[in-house]
>>> print(open('query.txt').read())   # compact mmCIF, N, CA and C atoms
# COMPACT_ATOMS: atom_id res chain seq x y z
N MET B 420 -19.86 27.51 15.45
CA MET B 420 -18.94 26.85 14.53
C MET B 420 -19.02 27.54 13.17
N ASN B 421 -17.87 27.84 12.61
CA ASN B 421 -17.82 28.53 11.33
C ASN B 421 -17.28 27.58 10.27
N ASP B 422 -18.15 27.19 9.34
CA ASP B 422 -17.75 26.26 8.29
C ASP B 422 -17.35 26.96 6.99
N SER B 423 -17.37 28.27 6.96
CA SER B 423 -17.04 28.97 5.71
C SER B 423 -15.52 29.03 5.53
N ARG B 424 -15.12 29.16 4.29
CA ARG B 424 -13.72 29.22 3.94
C ARG B 424 -13.36 30.66 3.60
N ASP B 425 -12.13 31.00 3.80
CA ASP B 425 -11.62 32.32 3.49
C ASP B 425 -10.64 32.18 2.32
N PHE B 426 -11.15 32.40 1.10
CA PHE B 426 -10.33 32.20 -0.09
C PHE B 426 -9.09 33.07 -0.07
N LYS B 427 -9.22 34.32 0.33
CA LYS B 427 -8.08 35.25 0.34
C LYS B 427 -6.99 34.71 1.27
N LYS B 428 -7.37 34.25 2.43
CA LYS B 428 -6.40 33.71 3.38
C LYS B 428 -5.73 32.45 2.83
N GLU B 429 -6.53 31.55 2.25
CA GLU B 429 -5.98 30.33 1.65
C GLU B 429 -5.04 30.66 0.49
N TYR B 430 -5.46 31.62 -0.35
CA TYR B 430 -4.65 31.99 -1.51
C TYR B 430 -3.33 32.61 -1.08
N ASP B 431 -3.37 33.51 -0.10
CA ASP B 431 -2.13 34.13 0.39
C ASP B 431 -1.18 33.09 0.96
N ALA B 432 -1.72 32.11 1.69
CA ALA B 432 -0.88 31.04 2.25
C ALA B 432 -0.25 30.20 1.14
N PHE B 433 -1.04 29.90 0.09
CA PHE B 433 -0.52 29.13 -1.04
C PHE B 433 0.58 29.90 -1.76
N LEU B 434 0.38 31.21 -1.95
CA LEU B 434 1.40 32.03 -2.62
C LEU B 434 2.70 32.08 -1.84
N LYS B 435 2.62 32.03 -0.53
CA LYS B 435 3.85 32.01 0.27
C LYS B 435 4.61 30.70 0.06
N LYS B 436 3.87 29.59 -0.06
CA LYS B 436 4.51 28.29 -0.28
C LYS B 436 4.97 28.12 -1.72
N VAL B 437 4.16 28.60 -2.66
CA VAL B 437 4.45 28.41 -4.09
C VAL B 437 4.29 29.76 -4.80
N PRO B 438 5.30 30.62 -4.67
CA PRO B 438 5.18 31.94 -5.30
C PRO B 438 5.23 31.85 -6.82
N TYR B 439 4.70 32.87 -7.45
CA TYR B 439 4.79 32.95 -8.91
C TYR B 439 6.24 33.10 -9.32
N GLN B 440 6.58 32.44 -10.41
CA GLN B 440 7.86 32.59 -11.06
C GLN B 440 7.56 33.10 -12.47
N THR B 441 8.56 33.50 -13.19
CA THR B 441 8.34 33.95 -14.57
C THR B 441 9.28 33.22 -15.51
N ALA B 442 8.79 33.05 -16.72
CA ALA B 442 9.59 32.48 -17.80
C ALA B 442 9.27 33.31 -19.04
N VAL B 443 10.20 33.32 -19.96
CA VAL B 443 9.98 34.01 -21.23
C VAL B 443 9.83 32.95 -22.31
N VAL B 444 8.68 32.97 -22.97
CA VAL B 444 8.37 32.03 -24.04
C VAL B 444 7.93 32.85 -25.25
N ASP B 445 8.61 32.68 -26.37
CA ASP B 445 8.30 33.47 -27.57
C ASP B 445 8.26 34.97 -27.27
N ALA B 446 9.23 35.43 -26.49
CA ALA B 446 9.37 36.83 -26.11
C ALA B 446 8.20 37.33 -25.24
N VAL B 447 7.43 36.42 -24.66
CA VAL B 447 6.32 36.78 -23.79
C VAL B 447 6.66 36.31 -22.38
N LYS B 448 6.54 37.22 -21.42
CA LYS B 448 6.78 36.88 -20.03
C LYS B 448 5.51 36.25 -19.46
N VAL B 449 5.62 35.04 -18.94
CA VAL B 449 4.47 34.32 -18.41
C VAL B 449 4.73 33.99 -16.94
N ARG B 450 3.68 34.17 -16.13
CA ARG B 450 3.78 33.82 -14.71
C ARG B 450 3.25 32.40 -14.51
N TYR B 451 3.95 31.67 -13.67
CA TYR B 451 3.54 30.29 -13.40
C TYR B 451 3.89 29.93 -11.96
N GLN B 452 3.26 28.86 -11.48
CA GLN B 452 3.55 28.30 -10.17
C GLN B 452 3.93 26.83 -10.39
N TYR B 453 5.07 26.46 -9.88
CA TYR B 453 5.60 25.12 -10.06
C TYR B 453 6.02 24.61 -8.70
N GLY B 454 5.37 23.57 -8.22
CA GLY B 454 5.67 23.10 -6.88
C GLY B 454 5.33 21.64 -6.72
N GLY B 455 5.27 21.21 -5.47
CA GLY B 455 4.95 19.83 -5.17
C GLY B 455 6.20 18.98 -4.97
N LYS B 456 6.01 17.68 -5.00
CA LYS B 456 7.07 16.73 -4.71
C LYS B 456 8.11 16.69 -5.82
N VAL B 457 9.32 16.99 -5.48
CA VAL B 457 10.41 17.00 -6.45
C VAL B 457 10.63 15.59 -7.00
N GLY B 458 10.81 15.51 -8.31
CA GLY B 458 11.09 14.24 -8.96
C GLY B 458 9.86 13.41 -9.31
N ALA B 459 8.69 13.87 -8.89
CA ALA B 459 7.45 13.14 -9.17
C ALA B 459 6.89 13.56 -10.53
N PRO B 460 5.94 12.78 -11.07
CA PRO B 460 5.30 13.19 -12.33
C PRO B 460 4.65 14.57 -12.19
N VAL B 461 4.66 15.32 -13.28
CA VAL B 461 4.14 16.69 -13.27
C VAL B 461 2.70 16.72 -13.76
N ILE B 462 1.86 17.39 -13.00
CA ILE B 462 0.48 17.63 -13.41
C ILE B 462 0.42 19.01 -14.03
N LEU B 463 -0.09 19.09 -15.24
CA LEU B 463 -0.31 20.38 -15.91
C LEU B 463 -1.80 20.67 -15.86
N PHE B 464 -2.15 21.75 -15.19
CA PHE B 464 -3.55 22.14 -15.06
C PHE B 464 -3.96 23.06 -16.20
N PHE B 465 -5.01 22.69 -16.91
CA PHE B 465 -5.62 23.57 -17.90
C PHE B 465 -6.92 24.09 -17.31
N ASN B 466 -7.01 25.39 -17.18
CA ASN B 466 -8.16 26.01 -16.55
C ASN B 466 -9.11 26.59 -17.58
N GLY B 467 -10.37 26.59 -17.24
CA GLY B 467 -11.36 27.29 -18.06
C GLY B 467 -11.44 28.73 -17.60
N LEU B 468 -11.79 29.61 -18.48
CA LEU B 468 -12.01 31.02 -18.16
C LEU B 468 -10.80 31.73 -17.58
N GLU B 469 -9.61 31.22 -17.86
CA GLU B 469 -8.37 31.87 -17.45
C GLU B 469 -8.33 32.16 -15.95
N MET B 470 -8.78 31.21 -15.15
CA MET B 470 -8.77 31.37 -13.70
C MET B 470 -7.88 30.30 -13.08
N GLN B 471 -6.58 30.49 -13.20
CA GLN B 471 -5.66 29.48 -12.71
C GLN B 471 -5.76 29.32 -11.19
N GLU B 472 -6.29 30.32 -10.50
CA GLU B 472 -6.42 30.21 -9.04
C GLU B 472 -7.35 29.08 -8.62
N MET B 473 -8.25 28.67 -9.50
CA MET B 473 -9.19 27.60 -9.15
C MET B 473 -8.46 26.29 -8.83
N TRP B 474 -7.24 26.13 -9.33
CA TRP B 474 -6.50 24.89 -9.12
C TRP B 474 -5.72 24.87 -7.82
N MET B 475 -5.64 25.98 -7.13
CA MET B 475 -4.84 26.07 -5.92
C MET B 475 -5.15 24.96 -4.91
N PRO B 476 -6.40 24.72 -4.50
CA PRO B 476 -6.62 23.66 -3.51
C PRO B 476 -6.26 22.27 -4.02
N TYR B 477 -6.44 22.03 -5.32
CA TYR B 477 -6.08 20.73 -5.89
C TYR B 477 -4.56 20.56 -5.92
N ALA B 478 -3.87 21.62 -6.34
CA ALA B 478 -2.41 21.57 -6.39
C ALA B 478 -1.84 21.34 -4.99
N GLU B 479 -2.44 21.99 -4.01
CA GLU B 479 -1.96 21.84 -2.64
C GLU B 479 -2.07 20.39 -2.17
N ARG B 480 -3.19 19.76 -2.45
CA ARG B 480 -3.38 18.37 -2.02
C ARG B 480 -2.56 17.39 -2.86
N LEU B 481 -2.57 17.59 -4.17
CA LEU B 481 -1.84 16.68 -5.05
C LEU B 481 -0.33 16.86 -4.95
N GLY B 482 0.10 18.02 -4.47
CA GLY B 482 1.52 18.32 -4.36
C GLY B 482 2.28 17.40 -3.42
N ALA B 483 1.57 16.66 -2.56
CA ALA B 483 2.25 15.72 -1.66
C ALA B 483 2.81 14.52 -2.43
N LYS B 484 2.20 14.20 -3.58
CA LYS B 484 2.64 13.04 -4.35
C LYS B 484 3.12 13.39 -5.76
N TYR B 485 2.79 14.58 -6.22
CA TYR B 485 3.10 14.99 -7.60
C TYR B 485 3.73 16.37 -7.63
N ARG B 486 4.37 16.70 -8.74
CA ARG B 486 4.74 18.08 -9.06
C ARG B 486 3.51 18.67 -9.74
N PHE B 487 3.42 19.96 -9.76
CA PHE B 487 2.31 20.59 -10.48
C PHE B 487 2.77 21.89 -11.13
N LEU B 488 2.10 22.22 -12.21
CA LEU B 488 2.37 23.45 -12.94
C LEU B 488 1.04 24.13 -13.23
N ILE B 489 0.93 25.35 -12.75
CA ILE B 489 -0.23 26.20 -13.03
C ILE B 489 0.35 27.46 -13.69
N TYR B 490 -0.24 27.91 -14.77
CA TYR B 490 0.29 29.13 -15.39
C TYR B 490 -0.83 30.03 -15.86
N GLU B 491 -0.51 31.30 -16.01
CA GLU B 491 -1.47 32.27 -16.50
C GLU B 491 -1.47 32.23 -18.02
N TYR B 492 -2.63 32.09 -18.60
CA TYR B 492 -2.71 32.11 -20.06
C TYR B 492 -2.25 33.48 -20.55
N PRO B 493 -1.35 33.51 -21.49
CA PRO B 493 -0.92 34.81 -22.03
C PRO B 493 -2.02 35.41 -22.91
N PHE B 494 -2.21 36.70 -22.79
CA PHE B 494 -3.29 37.36 -23.51
C PHE B 494 -3.06 37.43 -25.02
N HIS B 495 -1.82 37.24 -25.46
CA HIS B 495 -1.56 37.33 -26.90
C HIS B 495 -2.05 36.10 -27.67
N THR B 496 -2.39 35.02 -26.97
CA THR B 496 -2.88 33.82 -27.66
C THR B 496 -4.40 33.88 -27.70
N ALA B 497 -4.94 34.03 -28.88
CA ALA B 497 -6.38 34.18 -29.02
C ALA B 497 -7.07 32.90 -29.47
N LYS B 498 -6.33 32.00 -30.08
CA LYS B 498 -6.91 30.77 -30.60
C LYS B 498 -6.44 29.58 -29.78
N ALA B 499 -7.27 28.55 -29.75
CA ALA B 499 -6.94 27.36 -28.96
C ALA B 499 -5.61 26.75 -29.38
N ASP B 500 -5.36 26.64 -30.69
CA ASP B 500 -4.11 26.02 -31.11
C ASP B 500 -2.89 26.84 -30.70
N GLU B 501 -3.02 28.17 -30.66
CA GLU B 501 -1.92 29.01 -30.19
C GLU B 501 -1.67 28.76 -28.71
N GLN B 502 -2.74 28.64 -27.94
CA GLN B 502 -2.60 28.39 -26.51
C GLN B 502 -1.95 27.03 -26.24
N ILE B 503 -2.35 26.03 -27.01
CA ILE B 503 -1.79 24.69 -26.84
C ILE B 503 -0.30 24.70 -27.18
N ASP B 504 0.06 25.32 -28.30
CA ASP B 504 1.47 25.40 -28.68
C ASP B 504 2.28 26.19 -27.65
N PHE B 505 1.68 27.23 -27.09
CA PHE B 505 2.36 28.01 -26.06
C PHE B 505 2.62 27.14 -24.83
N ALA B 506 1.63 26.34 -24.43
CA ALA B 506 1.81 25.44 -23.28
C ALA B 506 2.95 24.47 -23.53
N ALA B 507 3.03 23.92 -24.73
CA ALA B 507 4.11 22.99 -25.08
C ALA B 507 5.47 23.69 -25.01
N LYS B 508 5.52 24.92 -25.48
CA LYS B 508 6.78 25.68 -25.43
C LYS B 508 7.16 26.02 -23.99
N LEU B 509 6.16 26.30 -23.15
CA LEU B 509 6.44 26.56 -21.74
C LEU B 509 7.03 25.32 -21.08
N LEU B 510 6.47 24.16 -21.37
CA LEU B 510 7.02 22.92 -20.83
C LEU B 510 8.47 22.75 -21.25
N LYS B 511 8.74 23.01 -22.51
CA LYS B 511 10.11 22.88 -23.02
C LYS B 511 11.05 23.87 -22.31
N ALA B 512 10.59 25.10 -22.12
CA ALA B 512 11.40 26.11 -21.44
C ALA B 512 11.70 25.71 -20.00
N LEU B 513 10.79 24.97 -19.38
CA LEU B 513 10.97 24.54 -18.00
C LEU B 513 11.60 23.14 -17.91
N ALA B 514 11.99 22.58 -19.05
CA ALA B 514 12.61 21.25 -19.13
C ALA B 514 11.70 20.16 -18.56
N ILE B 515 10.41 20.27 -18.83
CA ILE B 515 9.44 19.26 -18.41
C ILE B 515 9.09 18.44 -19.65
N GLU B 516 9.39 17.14 -19.62
CA GLU B 516 9.19 16.30 -20.80
C GLU B 516 7.83 15.61 -20.83
N LYS B 517 7.32 15.21 -19.68
CA LYS B 517 6.07 14.46 -19.61
C LYS B 517 5.15 15.08 -18.56
N VAL B 518 3.84 15.05 -18.85
CA VAL B 518 2.87 15.62 -17.92
C VAL B 518 1.63 14.74 -17.81
N ILE B 519 0.95 14.91 -16.71
CA ILE B 519 -0.40 14.40 -16.53
C ILE B 519 -1.30 15.62 -16.70
N LEU B 520 -2.23 15.55 -17.62
CA LEU B 520 -3.11 16.69 -17.88
C LEU B 520 -4.36 16.61 -17.02
N ILE B 521 -4.73 17.73 -16.46
CA ILE B 521 -6.03 17.85 -15.79
C ILE B 521 -6.70 19.08 -16.38
N GLY B 522 -7.92 18.89 -16.88
CA GLY B 522 -8.64 20.00 -17.48
C GLY B 522 -10.07 20.05 -17.02
N ALA B 523 -10.55 21.26 -16.78
CA ALA B 523 -11.94 21.48 -16.38
C ALA B 523 -12.56 22.51 -17.32
N SER B 524 -13.82 22.33 -17.62
CA SER B 524 -14.55 23.27 -18.47
C SER B 524 -13.82 23.41 -19.81
N ASP B 525 -13.60 24.63 -20.26
CA ASP B 525 -12.86 24.83 -21.50
C ASP B 525 -11.43 24.29 -21.39
N GLY B 526 -10.90 24.27 -20.17
CA GLY B 526 -9.58 23.69 -19.95
C GLY B 526 -9.53 22.22 -20.30
N GLY B 527 -10.68 21.52 -20.15
CA GLY B 527 -10.76 20.12 -20.55
C GLY B 527 -10.63 19.95 -22.05
N VAL B 528 -11.21 20.89 -22.77
CA VAL B 528 -11.08 20.88 -24.24
C VAL B 528 -9.61 21.13 -24.60
N TYR B 529 -8.98 22.10 -23.94
CA TYR B 529 -7.57 22.39 -24.20
C TYR B 529 -6.71 21.17 -23.90
N ALA B 530 -7.01 20.48 -22.81
CA ALA B 530 -6.24 19.29 -22.45
C ALA B 530 -6.35 18.23 -23.55
N GLN B 531 -7.55 18.04 -24.09
CA GLN B 531 -7.74 17.06 -25.15
C GLN B 531 -6.98 17.44 -26.41
N ILE B 532 -7.02 18.71 -26.76
CA ILE B 532 -6.29 19.17 -27.94
C ILE B 532 -4.78 19.01 -27.70
N PHE B 533 -4.33 19.36 -26.49
CA PHE B 533 -2.92 19.19 -26.17
C PHE B 533 -2.52 17.72 -26.32
N ALA B 534 -3.34 16.82 -25.78
CA ALA B 534 -3.03 15.39 -25.85
C ALA B 534 -2.96 14.91 -27.29
N LYS B 535 -3.82 15.44 -28.13
CA LYS B 535 -3.80 15.03 -29.54
C LYS B 535 -2.58 15.58 -30.27
N ARG B 536 -2.24 16.84 -29.99
CA ARG B 536 -1.13 17.49 -30.70
C ARG B 536 0.24 17.11 -30.15
N HIS B 537 0.30 16.80 -28.87
CA HIS B 537 1.59 16.55 -28.22
C HIS B 537 1.52 15.25 -27.41
N SER B 538 1.04 14.21 -28.03
CA SER B 538 0.84 12.93 -27.33
C SER B 538 2.12 12.38 -26.71
N GLU B 539 3.26 12.68 -27.30
CA GLU B 539 4.53 12.19 -26.75
C GLU B 539 4.83 12.78 -25.38
N SER B 540 4.17 13.86 -25.01
CA SER B 540 4.40 14.52 -23.73
C SER B 540 3.39 14.14 -22.65
N VAL B 541 2.40 13.31 -22.99
CA VAL B 541 1.29 13.06 -22.07
C VAL B 541 1.38 11.66 -21.45
N LEU B 542 1.41 11.62 -20.12
CA LEU B 542 1.38 10.36 -19.38
C LEU B 542 -0.06 9.90 -19.15
N ALA B 543 -0.95 10.84 -18.84
CA ALA B 543 -2.35 10.53 -18.54
C ALA B 543 -3.15 11.82 -18.64
N MET B 544 -4.48 11.68 -18.62
CA MET B 544 -5.34 12.86 -18.70
C MET B 544 -6.57 12.64 -17.85
N ILE B 545 -6.94 13.67 -17.10
CA ILE B 545 -8.13 13.66 -16.27
C ILE B 545 -8.99 14.85 -16.70
N LEU B 546 -10.25 14.59 -17.02
CA LEU B 546 -11.16 15.64 -17.46
C LEU B 546 -12.34 15.73 -16.50
N THR B 547 -12.79 16.94 -16.25
CA THR B 547 -13.96 17.14 -15.39
C THR B 547 -14.78 18.31 -15.91
N THR B 548 -16.07 18.19 -15.78
CA THR B 548 -17.03 19.22 -16.21
C THR B 548 -16.68 19.82 -17.56
N THR B 549 -16.45 18.96 -18.53
CA THR B 549 -16.07 19.42 -19.85
C THR B 549 -16.84 18.60 -20.88
N LEU B 550 -16.44 18.70 -22.11
CA LEU B 550 -17.05 17.91 -23.17
C LEU B 550 -15.96 17.27 -24.00
N THR B 551 -16.33 16.23 -24.72
CA THR B 551 -15.35 15.64 -25.62
C THR B 551 -15.42 16.39 -26.93
N ILE B 552 -14.34 16.39 -27.62
CA ILE B 552 -14.28 17.19 -28.84
C ILE B 552 -14.36 16.30 -30.07
N ASP B 553 -14.90 16.88 -31.11
CA ASP B 553 -14.88 16.23 -32.41
C ASP B 553 -14.28 17.22 -33.41
N SER B 554 -14.11 16.80 -34.62
CA SER B 554 -13.43 17.64 -35.60
C SER B 554 -14.22 18.91 -35.89
N ASP B 555 -15.55 18.87 -35.88
CA ASP B 555 -16.33 20.09 -36.10
C ASP B 555 -16.09 21.10 -34.99
N TYR B 556 -16.04 20.63 -33.75
CA TYR B 556 -15.80 21.52 -32.62
C TYR B 556 -14.42 22.18 -32.74
N VAL B 557 -13.43 21.38 -33.06
CA VAL B 557 -12.07 21.91 -33.18
C VAL B 557 -11.99 22.94 -34.28
N ARG B 558 -12.65 22.68 -35.42
CA ARG B 558 -12.65 23.68 -36.50
C ARG B 558 -13.28 24.99 -36.05
N ASP B 559 -14.34 24.91 -35.26
CA ASP B 559 -15.03 26.12 -34.81
C ASP B 559 -14.21 26.94 -33.83
N ILE B 560 -13.35 26.27 -33.02
CA ILE B 560 -12.56 27.05 -32.08
C ILE B 560 -11.21 27.41 -32.65
>>> encode(input="query.txt", output="C-alpha cells")
Amino acid sequence: MNDSRDFKKEYDAFLKKVPYQTAVVDAVKVRYQYGGKVGAPVILFFNGLEMQEMWMPYAERLGAKYRFLIYEYPFHTAKADEQIDFAAKLLKALAIEKVILIGASDGGVYAQIFAKRHSESVLAMILTTTLTIDSDYVRDI
C-alpha cells in the first residue's frame, strides 16, 4: 500500500481544472487562479513566502461550496501595504466586491492588514499558523 502523495501529479491535475489566467493591475501582469462554485462567496487566499501552490488542496476542497482566488504576489511590491493595496486593486479588476480571507504564516498578517484597510470588502477571516498584529509590528513591516 502506498500512502505517499504525488504533488506534481496533483498540481498538474489542478492546473487542468483551474488554469492560470492573467490580469493587468497598475500596468503589472499578474497570474491568478479563480475557480470553484459560481455565484458563491469568494475566498481570497493570502500565502506566506509567496507560495500560492500551498493553497491548491484547500481550494480544491472548498471549491465545491465557494469561489476561490489564488494569485502570485507581484515582485514589484516590496512592502506589506503595497501588497495589500495591490490585492484590493486585483479584486476590483476582477469585479469581486466581497471576500472571505484565509491567511497562513505571513499571509495571516497580510489578511489582517487587508481586513483593517479594506473592511468593507471582508465577509469573514480565517487565520492559521500566524500571529496577531499590533501597531509596532505594522510599523516594522
>>> closest_residue(input="query.txt", among="B:Ala534, B:Lys456, B:Pro476, B:Ile462", to="Ile489 in chain B", atoms="all atoms listed in the file")
B:Ile462
>>> atom_distance(input="query.txt", atom1="CA of Val461 in chain B", atom2="CA of Ile521 in chain B")
10.5 Å
>>> closest_residue(input="query.txt", among="B:Val528, B:Ala506, B:Val518, B:Leu488", to="Val541 in chain B", atoms="only C-alpha atoms")
B:Val518
>>> closest_residue(input="query.txt", among="B:Tyr477, B:Ser540, B:Phe465, B:Pro493", to="Ala523 in chain B", atoms="only N, CA and C atoms")
B:Phe465
>>> closest_residue(input="query.txt", among="B:Ala446, B:Ile503, B:Leu546, B:Met475", to="Gly526 in chain B", atoms="only N, CA and C atoms")
B:Leu546
>>> select_by_dssp(input="query.txt", residues="range 449-536 of chain B", states="strand (DSSP E)", output="ChimeraX atom specification")
/B:449-455,461-465,486-490,518-523
>>> closest_residue(input="query.txt", among="B:Phe505, B:Tyr439, B:Tyr485, B:Tyr490", to="Glu472 in chain B", atoms="all atoms listed in the file")
B:Tyr490
>>> select_by_dssp(input="query.txt", residues="chain B", states="helix (DSSP H, G or I)", output="PyMOL selection string")
chain B and resi 426-436+467-469+471-481+499-512+525-536+538-540+554-559
>>> residues_near_point(input="query.txt", point="(-6.0, 12.7, -16.3)", cutoff="6 Å", atoms="all atoms listed in the file", output="list of chain:residue names")
B:Ile519, B:Leu520, B:Ile521, B:Ala543, B:Met544, B:Ile545, B:Leu546
>>> closest_residue(input="query.txt", among="B:Ser423, B:Val444, B:Met473, B:Ala478", to="Ala507 in chain B", atoms="only C-alpha atoms")
B:Val444
>>> atom_distance(input="query.txt", atom1="atom N of Arg450 in chain B", atom2="atom C of Leu481 in chain B")
21.0 Å
>>> atom_distance(input="query.txt", atom1="atom N of Leu434 in chain B", atom2="atom C of Phe533 in chain B")
28.0 Å
>>> residues_around(input="query.txt", residues="Asn466 in chain B", least_positions_apart="4", cutoff="6 Å", atoms="all atoms listed in the file", output="VMD selection string")
chain B and resid 470 to 471 522 to 523 525 to 527
>>> write_last_selection(input="query.txt", atoms="N, CA and C atoms", output="CSV table (one decimal), in the coordinates of the input")
chain,number,residue,atom,x,y,z
B,470,MET,N,-8.8,31.2,-15.2
B,470,MET,CA,-8.8,31.4,-13.7
B,470,MET,C,-7.9,30.3,-13.1
B,471,GLN,N,-6.6,30.5,-13.2
B,471,GLN,CA,-5.7,29.5,-12.7
B,471,GLN,C,-5.8,29.3,-11.2
B,522,GLY,N,-7.9,18.9,-16.9
B,522,GLY,CA,-8.6,20.0,-17.5
B,522,GLY,C,-10.1,20.0,-17.0
B,523,ALA,N,-10.6,21.3,-16.8
B,523,ALA,CA,-11.9,21.5,-16.4
B,523,ALA,C,-12.6,22.5,-17.3
B,525,ASP,N,-13.6,24.6,-20.3
B,525,ASP,CA,-12.9,24.8,-21.5
B,525,ASP,C,-11.4,24.3,-21.4
B,526,GLY,N,-10.9,24.3,-20.2
B,526,GLY,CA,-9.6,23.7,-20.0
B,526,GLY,C,-9.5,22.2,-20.3
B,527,GLY,N,-10.7,21.5,-20.2
B,527,GLY,CA,-10.8,20.1,-20.6
B,527,GLY,C,-10.6,20.0,-22.0
>>> decode(input="query.txt", residues="range 438-449 of chain B", atoms="N, CA, C and O atoms", output="short mmCIF file (atom, residue, chain, number, x, y, z; two decimals), in the first residue's frame")
data_model
loop_
_atom_site.label_atom_id
_atom_site.label_comp_id
_atom_site.auth_asym_id
_atom_site.auth_seq_id
_atom_site.Cartn_x
_atom_site.Cartn_y
_atom_site.Cartn_z
N PRO B 438 -6.86 26.60 -14.70
CA PRO B 438 -5.61 27.14 -15.26
C PRO B 438 -5.37 28.58 -14.82
O PRO B 438 -6.30 29.29 -14.43
N TYR B 439 -4.12 28.98 -14.89
CA TYR B 439 -3.78 30.37 -14.60
C TYR B 439 -4.42 31.27 -15.64
O TYR B 439 -4.49 30.94 -16.82
N GLN B 440 -4.89 32.41 -15.17
CA GLN B 440 -5.37 33.49 -16.02
C GLN B 440 -4.48 34.69 -15.73
O GLN B 440 -3.72 34.67 -14.76
N THR B 441 -4.59 35.72 -16.51
CA THR B 441 -3.81 36.93 -16.24
C THR B 441 -4.71 38.15 -16.21
O THR B 441 -5.75 38.20 -16.87
N ALA B 442 -4.30 39.10 -15.41
CA ALA B 442 -4.96 40.40 -15.34
C ALA B 442 -3.85 41.44 -15.27
O ALA B 442 -2.73 41.14 -14.85
N VAL B 443 -4.18 42.63 -15.70
CA VAL B 443 -3.22 43.74 -15.61
C VAL B 443 -3.73 44.69 -14.54
O VAL B 443 -4.85 45.20 -14.62
N VAL B 444 -2.89 44.90 -13.53
CA VAL B 444 -3.21 45.79 -12.42
C VAL B 444 -2.04 46.76 -12.27
O VAL B 444 -0.90 46.33 -12.09
N ASP B 445 -2.32 48.05 -12.35
CA ASP B 445 -1.25 49.06 -12.28
C ASP B 445 -0.13 48.76 -13.27
O ASP B 445 1.06 48.83 -12.95
N ALA B 446 -0.50 48.38 -14.48
CA ALA B 446 0.42 48.07 -15.57
C ALA B 446 1.30 46.84 -15.27
O ALA B 446 2.31 46.63 -15.91
N VAL B 447 0.91 46.03 -14.30
CA VAL B 447 1.64 44.81 -13.95
C VAL B 447 0.76 43.62 -14.30
O VAL B 447 -0.40 43.55 -13.90
N LYS B 448 1.33 42.68 -15.05
CA LYS B 448 0.62 41.46 -15.40
C LYS B 448 0.74 40.48 -14.24
O LYS B 448 1.84 40.16 -13.80
N VAL B 449 -0.39 40.04 -13.71
CA VAL B 449 -0.41 39.13 -12.57
C VAL B 449 -1.15 37.85 -12.96
O VAL B 449 -2.16 37.89 -13.65
#
